[in-house]
Structures are given as structure tokens and as C-alpha cells.
Amino acid sequence: MTVTSETEVFVGVPDTSEGWIDRAREVSNILAADALARDRAGEPPFREVQLLKDSGLVTLLGPIEFGGGGQRWETAYKVVREIARADGSIGQLLGYHYLWAWAARLVGTDPQISAVEELYTSNRFFFGGAVNPRDTDLTVVDRGDTLVFNGVKSFSTGGRVTDLTVLEGIIDGTATHVFAIVPTAQDGIVFRGDWDNLGQRLTDSGSVEINDVEVDWASAAGFVDKEFQPLVYNTLNFPAIEIVFANFYLGIARGALDTAAEYTRTRTRPWPYGGDNREIATDEWYLREGYGDLQSKLWAAEAFVDQVSREADAVLHDARENLTEQARGDLAVRIAAAKLRAADVSLEISNKIFELTGARATSNDVGLDIYWRNIRTHTLHDPLAYKRREVGSRFLTGEIPEPTWYT
């Protein structure tokens, strides 16, 4: 396979947002070369993640003093979109990594934030998370100086290719939730390797068993003397990941539209029975109309998601104490709307391109199916109908969503 990051040499670390996006484009071009073959093989993406490490992209949000890029979320969103253009699975993994790398800032104390950011940035560690709210929570037992996690999660995105895993559970005998970041490589974390889904095949999102994983109380995110220190900012976990979703959906859609257009330019044959026959397919009126419609919709979705990404960036980088419930709710609704537009446009594009490329484009060696499979799989993450309701409730009554694991 083409992705052999050992042979890729990346000079230095970018120091501007534009430089990081250019770096992402370099990586995207490498991934694009054999994305279809890797999808068909369905192997855990160890080499792909190593490529993200070698390029420095995993440290984009990390502090400069620890060797990171010191960039903002607005840049991270664009990087995720660029990677997803070539490979939706790897775009998702990188977006999830950024979110879990930010988890300490979402819920941790200042000393915990510093420790986690130094650890992952200086080592170029890659994050995953065994946090699936629809499963039974992990059981967490308080043993005095330590907490012990046990249970099973049906999804752990990144699984075997990660260095650090985020765990979440409820302390036994209480209603108290606790997050902790632990090393992935330990006997108590057993990945079942059972991810075998329609799309996003390289995300290694299978189930995981957590057996007696021990964590010092000092690593329980946001706790001081075993008491959690709450802030509204703590509840940004789901809105923050939803805007990541919107961006990698649009990356997949852009990849689909560009790939289909290139096929039409080079391989689609004009229709000879329309009474207005053309010599080449790109002169067909219905193809120009079709691509024009899809491109217009994608441009509009990209502009809206870019705007909401800037709004999310402003909140995520502001002082944590500044966030109010109202501002949090307003942002969550805007993100829900952005996710809706991205999902709808991406589903339309990944389906419509078959009509524009023709029957021969359904051949497995063309691989246009990868885009629809990836979008169709991940847009089922949580029901879009509930996102529409959130936006409608805000518009009609002024109601903002109550923070939950899915709002």
C-alpha cells in the first residue's frame, strides 16, 4: 500500500494556520493515492495514524512550549475537512483525537490540563475514547487513593491504533460521573476487533472490555479532594464533537464531488439519444445542471459550517468561566443546524454523483461507493430528526436544549 509514513519526510512544524492547512493537504494527497484499496482491506490504520504523527498534525492544538502547533479550533476544523476529503475514516479519527485531546480543558483542573497537554504533545500521542452514552456506564469503584474501572463499551473509536484512551463511568453507589485518560497499551483494555460496518471501515471503532483499569484519584478529570468542580464549559463535549462531524462530512462530500467530476471529464460518455447530441460528456446540459446544483449546495454548506466553526472556536478558546447556559444553548443550536446542513448535502452529493457519472461508474474499481458508505454510516450517529427539533424549538419558542450526552 502507498501509505508508508516511514518514507515520508516532513520538514519542520508549520507556524501559521495556512501552513498547517498546507501540511494537511500534503497528508491528504498521500492518503488519497490508495484510499480505496485500504478501505477494501479494512485493516487497523496503524500506518495512517503514524502518518498523522509524523506530519505533526496530531499536535496542532498542543501548546507550542511542548512542541505543538499552538493553533485554534478553527484551523483544526479545516484540517479535519482536508483529511476527510481523501479518507473519511482518517478524518474522523483525527477529529475525535482533537476532541479527546481537548477533554482535559473541557472538564479538568489547571494542573490536569498542563499534565495531559505536555504528555500527548511532547510524545505525539494519539487519542481514542471508550465513551458511548447509550451503553451501560462503566462501573468505577473508589478504593481510597485510586479508582478502578470495569465494564464493556460497544464502540471505542480509534481502538487499537491509539496511545491514550478516555474512559468514563459512574462511581459505584453514587450518581457521579468521572472521566479519566489512561494508557491504551495495558492488560486491562481488551479490544475485540469486531468493527465490521458498512462505512468508516478504518476507524477501528469496535467494542472494548475494561477490566480492573486503575487510575489515581489525582487523574479523575475535574475533581479536587474527590469533589467535582462544575462549570457550564464542562458540558461542551457533545457540541464540540458535533461541529467536528459537520466538517468531516463536508470533507467527504468534497472528495465525492471532485472524484465524480474527474470521472465525468475523463470517462463518462455523452448520451446519444437526447436529440441534442454532444461529442463530450462535459457539454451535456443535464450534467452541467447537475454538477452546478451540487456545487452550489456544497459551497453554501461550507460557508455556513465555516461560520459556525468560528463561533465554536470563539467559545472553546474563551475563558472557561465566561460561558453561560444561554450562550452554551445558542451555540449548541447553531452547531445542530450546521450538522444538519452538512449531513443533508453530503448524503445528497454522495448519492447523486452516480446519476451524473453513469452506470459504468458503479464498477468496484471506481470506488464511488466509499463516499456514500462513509456518510451514510456516520450520519446515523444520532438521529437527525432530534437536531431538527432542537433548531425548531429555538426558532419557535426560544427554548434552548438542555445539556445531555447528545445535545
# chains A, B, ... in the order shown; residues from 1 in each chain; ligands from 1
$ residues_around --residues "Ser207 of chain A" --least-positions-apart "5" --cutoff "8 Å" --atoms "only C-alpha atoms" --output "list in words"
Val152, Lys153, Ser154, Phe155, Ser156, Phe191, Arg192, Gly193, Asp194 and Trp195 of chain A
$ residues_around --residues "segment 87-100 of chain A" --least-positions-apart "3" --cutoff "6 Å" --atoms "only C-alpha atoms" --output "list of chain:residue names"
A:Val80, A:Ile83, A:Ala84, A:Ala103, A:Phe127, A:Gln200, A:Leu202, A:Thr203, A:Val244, A:Ile252
$ write_last_selection --atoms "all heavy atoms" --output "PDB file, in the first residue's frame"
ATOM      1  N   VAL A  80      -9.280  18.807   9.597  1.00  0.00           N
ATOM      2  CA  VAL A  80     -10.113  17.607   9.588  1.00  0.00           C
ATOM      3  C   VAL A  80     -10.839  17.474   8.251  1.00  0.00           C
ATOM      4  O   VAL A  80     -10.890  16.389   7.655  1.00  0.00           O
ATOM      5  CB  VAL A  80     -11.124  17.636  10.753  1.00  0.00           C
ATOM      6  CG1 VAL A  80     -12.205  16.571  10.579  1.00  0.00           C
ATOM      7  CG2 VAL A  80     -10.404  17.442  12.081  1.00  0.00           C
ATOM      8  N   ILE A  83      -8.376  16.323   5.498  1.00  0.00           N
ATOM      9  CA  ILE A  83      -8.022  14.906   5.593  1.00  0.00           C
ATOM     10  C   ILE A  83      -9.201  14.045   5.158  1.00  0.00           C
ATOM     11  O   ILE A  83      -9.034  13.043   4.435  1.00  0.00           O
ATOM     12  CB  ILE A  83      -7.592  14.546   7.019  1.00  0.00           C
ATOM     13  CG1 ILE A  83      -6.322  15.320   7.413  1.00  0.00           C
ATOM     14  CG2 ILE A  83      -7.361  13.046   7.158  1.00  0.00           C
ATOM     15  CD1 ILE A  83      -5.125  15.048   6.542  1.00  0.00           C
ATOM     16  N   ALA A  84     -10.415  14.411   5.559  1.00  0.00           N
ATOM     17  CA  ALA A  84     -11.609  13.631   5.196  1.00  0.00           C
ATOM     18  C   ALA A  84     -11.884  13.671   3.712  1.00  0.00           C
ATOM     19  O   ALA A  84     -12.511  12.751   3.172  1.00  0.00           O
ATOM     20  CB  ALA A  84     -12.824  14.137   5.967  1.00  0.00           C
ATOM     21  N   ALA A 103     -10.238  17.210  25.960  1.00  0.00           N
ATOM     22  CA  ALA A 103     -11.119  16.792  27.057  1.00  0.00           C
ATOM     23  C   ALA A 103     -10.643  17.313  28.403  1.00  0.00           C
ATOM     24  O   ALA A 103     -11.456  17.655  29.276  1.00  0.00           O
ATOM     25  CB  ALA A 103     -11.230  15.268  27.091  1.00  0.00           C
ATOM     26  N   PHE A 127      -5.139   9.951  20.579  1.00  0.00           N
ATOM     27  CA  PHE A 127      -6.249   9.691  21.499  1.00  0.00           C
ATOM     28  C   PHE A 127      -7.365   8.871  20.858  1.00  0.00           C
ATOM     29  O   PHE A 127      -7.667   9.011  19.677  1.00  0.00           O
ATOM     30  CB  PHE A 127      -6.879  11.008  21.942  1.00  0.00           C
ATOM     31  CG  PHE A 127      -6.225  11.665  23.121  1.00  0.00           C
ATOM     32  CD1 PHE A 127      -5.199  12.570  22.935  1.00  0.00           C
ATOM     33  CD2 PHE A 127      -6.658  11.394  24.409  1.00  0.00           C
ATOM     34  CE1 PHE A 127      -4.606  13.204  24.014  1.00  0.00           C
ATOM     35  CE2 PHE A 127      -6.073  12.024  25.491  1.00  0.00           C
ATOM     36  CZ  PHE A 127      -5.046  12.933  25.298  1.00  0.00           C
ATOM     37  N   GLN A 200     -16.906   3.937   7.055  1.00  0.00           N
ATOM     38  CA  GLN A 200     -15.912   4.352   8.057  1.00  0.00           C
ATOM     39  C   GLN A 200     -15.156   3.130   8.568  1.00  0.00           C
ATOM     40  O   GLN A 200     -14.920   2.963   9.763  1.00  0.00           O
ATOM     41  CB  GLN A 200     -16.586   5.115   9.190  1.00  0.00           C
ATOM     42  CG  GLN A 200     -17.234   6.435   8.763  1.00  0.00           C
ATOM     43  CD  GLN A 200     -16.231   7.435   8.194  1.00  0.00           C
ATOM     44  OE1 GLN A 200     -15.912   7.394   6.999  1.00  0.00           O
ATOM     45  NE2 GLN A 200     -15.734   8.328   9.023  1.00  0.00           N
ATOM     46  N   LEU A 202     -12.104   2.158   8.456  1.00  0.00           N
ATOM     47  CA  LEU A 202     -10.768   2.244   9.037  1.00  0.00           C
ATOM     48  C   LEU A 202     -10.732   3.019  10.353  1.00  0.00           C
ATOM     49  O   LEU A 202      -9.668   3.426  10.817  1.00  0.00           O
ATOM     50  CB  LEU A 202      -9.788   2.882   8.038  1.00  0.00           C
ATOM     51  CG  LEU A 202      -9.057   1.891   7.116  1.00  0.00           C
ATOM     52  CD1 LEU A 202     -10.037   1.209   6.172  1.00  0.00           C
ATOM     53  CD2 LEU A 202      -7.971   2.590   6.325  1.00  0.00           C
ATOM     54  N   THR A 203     -11.879   3.201  10.987  1.00  0.00           N
ATOM     55  CA  THR A 203     -11.879   3.919  12.266  1.00  0.00           C
ATOM     56  C   THR A 203     -11.622   3.003  13.449  1.00  0.00           C
ATOM     57  O   THR A 203     -11.467   3.471  14.573  1.00  0.00           O
ATOM     58  CB  THR A 203     -13.217   4.650  12.499  1.00  0.00           C
ATOM     59  OG1 THR A 203     -14.283   3.689  12.506  1.00  0.00           O
ATOM     60  CG2 THR A 203     -13.456   5.704  11.428  1.00  0.00           C
ATOM     61  N   VAL A 244     -17.217  18.983  14.724  1.00  0.00           N
ATOM     62  CA  VAL A 244     -16.218  18.141  14.064  1.00  0.00           C
ATOM     63  C   VAL A 244     -16.898  17.248  13.028  1.00  0.00           C
ATOM     64  O   VAL A 244     -16.433  17.105  11.895  1.00  0.00           O
ATOM     65  CB  VAL A 244     -15.445  17.290  15.095  1.00  0.00           C
ATOM     66  CG1 VAL A 244     -14.621  16.206  14.391  1.00  0.00           C
ATOM     67  CG2 VAL A 244     -14.532  18.160  15.942  1.00  0.00           C
ATOM     68  N   ILE A 252     -15.776  14.690   3.187  1.00  0.00           N
ATOM     69  CA  ILE A 252     -16.156  13.516   2.395  1.00  0.00           C
ATOM     70  C   ILE A 252     -16.955  13.951   1.167  1.00  0.00           C
ATOM     71  O   ILE A 252     -16.740  13.445   0.053  1.00  0.00           O
ATOM     72  CB  ILE A 252     -16.967  12.532   3.250  1.00  0.00           C
ATOM     73  CG1 ILE A 252     -16.096  11.972   4.383  1.00  0.00           C
ATOM     74  CG2 ILE A 252     -17.502  11.387   2.390  1.00  0.00           C
ATOM     75  CD1 ILE A 252     -16.869  11.165   5.422  1.00  0.00           C
TER      76      ILE A 252
END
$ closest_atom_pairs --of "segment 9-28 of chain A" --to "segment 42-53 of chain A" --cutoff "10 Å" --atoms "only C-alpha atoms" --output "Markdown table"
| residue | atom | partner | partner_atom | distance |
| --- | --- | --- | --- | --- |
| A:Val9 | CA | A:Leu51 | CA | 10.0 |
| A:Phe10 | CA | A:Leu51 | CA | 9.9 |
| A:Ala24 | CA | A:Leu52 | CA | 8.9 |
| A:Val27 | CA | A:Leu51 | CA | 7.4 |
| A:Ser28 | CA | A:Leu52 | CA | 10.0 |
$ select_by_dssp --residues "segment 264-325 of chain A" --states "alpha helix (DSSP H)" --output "PyMOL selection string"
chain A and resi 264-266+285-316+325
$ write_last_selection --atoms "N, CA and C atoms" --output "mmCIF file, in the first residue's frame"
data_model
loop_
_atom_site.group_PDB
_atom_site.id
_atom_site.type_symbol
_atom_site.label_atom_id
_atom_site.label_comp_id
_atom_site.auth_asym_id
_atom_site.auth_seq_id
_atom_site.Cartn_x
_atom_site.Cartn_y
_atom_site.Cartn_z
ATOM 1 N N THR A 264 -16.267 12.146 -14.770
ATOM 2 C CA THR A 264 -17.080 12.664 -15.874
ATOM 3 C C THR A 264 -16.201 13.301 -16.942
ATOM 4 N N ARG A 265 -15.188 14.022 -16.540
ATOM 5 C CA ARG A 265 -14.300 14.669 -17.507
ATOM 6 C C ARG A 265 -13.549 13.641 -18.361
ATOM 7 N N THR A 266 -13.213 12.521 -17.756
ATOM 8 C CA THR A 266 -12.300 11.592 -18.422
ATOM 9 C C THR A 266 -12.938 10.297 -18.912
ATOM 10 N N TRP A 285 -26.012 19.188 -21.170
ATOM 11 C CA TRP A 285 -26.675 20.196 -20.339
ATOM 12 C C TRP A 285 -27.076 19.641 -18.976
ATOM 13 N N TYR A 286 -27.554 18.376 -18.967
ATOM 14 C CA TYR A 286 -28.047 17.851 -17.689
ATOM 15 C C TYR A 286 -26.899 17.558 -16.719
ATOM 16 N N LEU A 287 -25.698 17.296 -17.246
ATOM 17 C CA LEU A 287 -24.549 17.114 -16.370
ATOM 18 C C LEU A 287 -24.078 18.456 -15.819
ATOM 19 N N ARG A 288 -24.064 19.469 -16.665
ATOM 20 C CA ARG A 288 -23.692 20.800 -16.166
ATOM 21 C C ARG A 288 -24.696 21.281 -15.119
ATOM 22 N N GLU A 289 -25.972 21.037 -15.382
ATOM 23 C CA GLU A 289 -27.008 21.424 -14.409
ATOM 24 C C GLU A 289 -26.840 20.647 -13.105
ATOM 25 N N GLY A 290 -26.579 19.359 -13.206
ATOM 26 C CA GLY A 290 -26.453 18.527 -12.020
ATOM 27 C C GLY A 290 -25.261 18.898 -11.166
ATOM 28 N N TYR A 291 -24.120 19.050 -11.806
ATOM 29 C CA TYR A 291 -22.928 19.448 -11.052
ATOM 30 C C TYR A 291 -23.058 20.869 -10.512
ATOM 31 N N GLY A 292 -23.691 21.743 -11.287
ATOM 32 C CA GLY A 292 -23.896 23.110 -10.806
ATOM 33 C C GLY A 292 -24.751 23.154 -9.561
ATOM 34 N N ASP A 293 -25.786 22.328 -9.531
ATOM 35 C CA ASP A 293 -26.661 22.266 -8.374
ATOM 36 C C ASP A 293 -25.906 21.763 -7.142
ATOM 37 N N LEU A 294 -25.154 20.680 -7.313
ATOM 38 C CA LEU A 294 -24.430 20.106 -6.172
ATOM 39 C C LEU A 294 -23.313 21.021 -5.688
ATOM 40 N N GLN A 295 -22.588 21.624 -6.626
ATOM 41 C CA GLN A 295 -21.528 22.533 -6.212
ATOM 42 C C GLN A 295 -22.087 23.736 -5.449
ATOM 43 N N SER A 296 -23.202 24.274 -5.913
ATOM 44 C CA SER A 296 -23.809 25.418 -5.232
ATOM 45 C C SER A 296 -24.218 25.057 -3.811
ATOM 46 N N LYS A 297 -24.826 23.897 -3.651
ATOM 47 C CA LYS A 297 -25.249 23.454 -2.325
ATOM 48 C C LYS A 297 -24.052 23.210 -1.410
ATOM 49 N N LEU A 298 -22.988 22.647 -1.960
ATOM 50 C CA LEU A 298 -21.800 22.393 -1.136
ATOM 51 C C LEU A 298 -21.137 23.694 -0.726
ATOM 52 N N TRP A 299 -21.020 24.648 -1.647
ATOM 53 C CA TRP A 299 -20.462 25.946 -1.285
ATOM 54 C C TRP A 299 -21.267 26.600 -0.154
ATOM 55 N N ALA A 300 -22.583 26.541 -0.262
ATOM 56 C CA ALA A 300 -23.429 27.148 0.767
ATOM 57 C C ALA A 300 -23.230 26.456 2.112
ATOM 58 N N ALA A 301 -23.181 25.128 2.103
ATOM 59 C CA ALA A 301 -22.982 24.384 3.349
ATOM 60 C C ALA A 301 -21.615 24.681 3.942
ATOM 61 N N GLU A 302 -20.590 24.735 3.099
ATOM 62 C CA GLU A 302 -19.242 25.038 3.593
ATOM 63 C C GLU A 302 -19.199 26.421 4.239
ATOM 64 N N ALA A 303 -19.854 27.397 3.622
ATOM 65 C CA ALA A 303 -19.846 28.756 4.177
ATOM 66 C C ALA A 303 -20.543 28.793 5.533
ATOM 67 N N PHE A 304 -21.665 28.096 5.655
ATOM 68 C CA PHE A 304 -22.388 28.089 6.923
ATOM 69 C C PHE A 304 -21.599 27.352 7.998
ATOM 70 N N VAL A 305 -21.043 26.209 7.649
ATOM 71 C CA VAL A 305 -20.265 25.453 8.635
ATOM 72 C C VAL A 305 -19.015 26.229 9.034
ATOM 73 N N ASP A 306 -18.396 26.930 8.100
ATOM 74 C CA ASP A 306 -17.246 27.775 8.451
ATOM 75 C C ASP A 306 -17.640 28.840 9.475
ATOM 76 N N GLN A 307 -18.796 29.459 9.278
ATOM 77 C CA GLN A 307 -19.252 30.480 10.210
ATOM 78 C C GLN A 307 -19.494 29.898 11.596
ATOM 79 N N VAL A 308 -20.182 28.774 11.660
ATOM 80 C CA VAL A 308 -20.460 28.156 12.959
ATOM 81 C C VAL A 308 -19.173 27.637 13.589
ATOM 82 N N SER A 309 -18.225 27.183 12.769
ATOM 83 C CA SER A 309 -16.930 26.758 13.289
ATOM 84 C C SER A 309 -16.217 27.913 13.969
ATOM 85 N N ARG A 310 -16.319 29.105 13.395
ATOM 86 C CA ARG A 310 -15.713 30.286 14.031
ATOM 87 C C ARG A 310 -16.402 30.601 15.348
ATOM 88 N N GLU A 311 -17.727 30.434 15.398
ATOM 89 C CA GLU A 311 -18.462 30.674 16.643
ATOM 90 C C GLU A 311 -18.049 29.674 17.713
ATOM 91 N N ALA A 312 -17.894 28.413 17.335
ATOM 92 C CA ALA A 312 -17.447 27.398 18.286
ATOM 93 C C ALA A 312 -16.025 27.680 18.754
ATOM 94 N N ASP A 313 -15.176 28.081 17.825
ATOM 95 C CA ASP A 313 -13.788 28.431 18.147
ATOM 96 C C ASP A 313 -13.739 29.532 19.214
ATOM 97 N N ALA A 314 -14.551 30.554 19.052
ATOM 98 C CA ALA A 314 -14.553 31.672 19.996
ATOM 99 C C ALA A 314 -14.923 31.215 21.405
ATOM 100 N N VAL A 315 -15.881 30.312 21.508
ATOM 101 C CA VAL A 315 -16.303 29.808 22.819
ATOM 102 C C VAL A 315 -15.251 28.874 23.408
ATOM 103 N N LEU A 316 -14.727 27.978 22.606
ATOM 104 C CA LEU A 316 -13.770 26.995 23.116
ATOM 105 C C LEU A 316 -12.482 27.645 23.597
ATOM 106 N N GLU A 325 -25.200 29.465 30.483
ATOM 107 C CA GLU A 325 -26.097 28.434 29.967
ATOM 108 C C GLU A 325 -26.770 28.883 28.685
#
$ residues_around --residues "Gly144 of chain A" --least-positions-apart "4" --cutoff "12 Å" --atoms "only C-alpha atoms" --output "PyMOL selection string"
chain A and resi 148+214-218+225-226
$ closest_atom_pairs --of "segment 196-224 of chain A" --to "segment 166-187 of chain A" --cutoff "8 Å" --atoms "only C-alpha atoms" --output "Markdown table"
| residue | atom | partner | partner_atom | distance |
| --- | --- | --- | --- | --- |
| A:Val215 | CA | A:Ala180 | CA | 7.4 |
| A:Ser219 | CA | A:Ala180 | CA | 6.1 |
| A:Ala220 | CA | A:Ala180 | CA | 5.2 |
| A:Ala221 | CA | A:Phe179 | CA | 5.4 |
$ closest_atom_pairs --of "segment 205-285 of chain A" --to "segment 341-354 of chain A" --cutoff "8 Å" --atoms "only C-alpha atoms" --output "tab-separated table"
residue	atom	partner	partner_atom	distance
A:Ala246	CA	A:Ala342	CA	5.3
A:Asn247	CA	A:Ala342	CA	7.5
A:Tyr249	CA	A:Ala342	CA	6.1
A:Leu250	CA	A:Ala342	CA	5.9
A:Ile252	CA	A:Ser346	CA	7.3
A:Ala253	CA	A:Ser346	CA	4.9
A:Ala256	CA	A:Ser350	CA	6.1
A:Leu257	CA	A:Ile349	CA	6.7
A:Ala260	CA	A:Ile353	CA	6.1
